[in-house]
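A.B. asks: Sharing a structure with you now.
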Amino acid sequence: MTRATTRAWLEIDLGALKRNTDKIAAAARVPLLPMVKADAYGLGAVGVARALEATAPWGYGVGTIDEGEELRAAGIVRPILVLTPILPETFDAARAAGLRPALGDRAAIAAWGPSGAPWHLSIDTGMNRAGIPWREIGASRDLLARFPPEGAFTHYHSVLRDRASVAVQTQRFQEALAQLTHRPALLHAESSAAIEHNEGPSQWDLARPGIFLYGVGTEAGLDPEPVVAVRARIVELRAIRDGDTVSYGATYPPPGSHPDDWPRRIATLPLGYADGYRRALGNRGWALVRGRRVPVAGAVTMDMTMVDVTDVPCAVGDVVTLIGRDGDDLLTVQDVARFGHLSPYELLTELHSRLPRIYGDHE
């Protein structure tokens, strides 16, 4: 046992990460622009990017200048695209770090363009979040001819819910590109889900996978390997009797418990919602103890979570798995998100840095 594994920790399988990257690259058949924004979806942008170097991506996608600067400080030299709009006041910092901004505002393009530094044109085809609306590209034709972008991209809003919308947005993107005087060298549109659901290779120059790399796929059949495990030690055990309750709100055990259910045994784990194990998992989540599923008992608190281990022999110091594999059972990110009616994206990005990260590279 090391200091990092005395409380609670996050395990990241870099071997699985790289195999997932190779798998989605084989489906896209174009260079990848992996998304490592939001600290690589909670898994640590520097550790993830260093591992992904072995897969030779075109570059990396981040959400802020600070994220890009962190990668540069760690020695990453590939192109870094900042996909969230940035203000002109921050352009000097972006250029100093050799970052490429995603621009979709005429004033911002006019301010960045004279530097001659590369940038990507954000084209809004229906998301209405950022970018020049596809129908307005013609009005910016002269500006874009003066300061041509290295790349241009759009973002699909409903890949899983409405496949017809993907065709509509693709058509709009193509209409916008047709209004430019020159085709940018790097066109991209596809997220993980879009790549998974393509019937063939990408029609663009880059693909932008994100959550698939980290072990979360759709039902399209590419089936990524799990990358993440969250584990914690049992720090206390107690027996509760009929009439006792667990945690805030006294919501466990549920009313009407059968007398034969008593007494019950409750294990306390030293992690909670401050570590990213969400409150929504109270009385809904499950964990693994010695390969067997046990329910989360009561409300998840800031620093502690309780599980009912009545039917599983265990002791203080034993490891409990909140996400990941233990024995023959597996709790995937999708499983845990479903327990709490959460998005897998929310669950991953909430895994805060208070959890030590332990990187492995397993075959």
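The way I read the labels, and the way they are meant: chains A, B, ... in the order of the structure tokens, residue 1 as the first residue of every chain, and ligand 1 as the first ligand shown, with later ones counted on from there.
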How would you write, as a PyMOL selection string, the set of residues in region 153-197 of chain A that DSSP gives as alpha helix (DSSP H)?

C.D. replies: chain A and resi 163-178+192-197

A.B. asks: Near Val82 (chain A), within 9 Å and counting only C-alpha atoms, which residues show up once chain neighbours fewer than 3 positions away are dropped, as a list in words?

C.D. replies: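 My list of contacting residues is Lys37, Tyr60, Gly61, Val62, Gly63, Thr64, Ile65, Glu67, Gly68, Pro85, Ile86, Ala94, Leu99, Arg100, Pro101 and Ala102 of chain A.
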
A.B. asks: Between A:Leu213, A:Arg141, A:Trp286, A:Pro88, single out the one closest to Leu52 (chain A), counting only C-alpha atoms.

C.D. replies: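 With only C-alpha atoms as the atom set, the closest residue is A:Leu213.
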
A.B. asks: Give me the residues within 8 Å of region 112-116 of chain A as number ranges by chain, counting only C-alpha atoms and dropping any in the same chain fewer than 2 places off.

C.D. replies: A: 88, 91, 108-110, 118, 146-148

A.B. asks: Mind dumping a table of every region 23-70 of chain A residue within 12 Å of region 227-244 of chain A, with the nearest atom pair and its distance in Å to one decimal, using only C-alpha atoms, sorted by chain and rising number, as CSV?

C.D. replies:
residue,atom,partner,partner_atom,distance
A:Ala40,CA,A:Val228,CA,11.9
A:Tyr41,CA,A:Val228,CA,10.8
A:Gly42,CA,A:Val228,CA,9.9
A:Leu43,CA,A:Val228,CA,8.0
A:Gly44,CA,A:Val228,CA,11.5
A:Val48,CA,A:Val227,CA,11.0
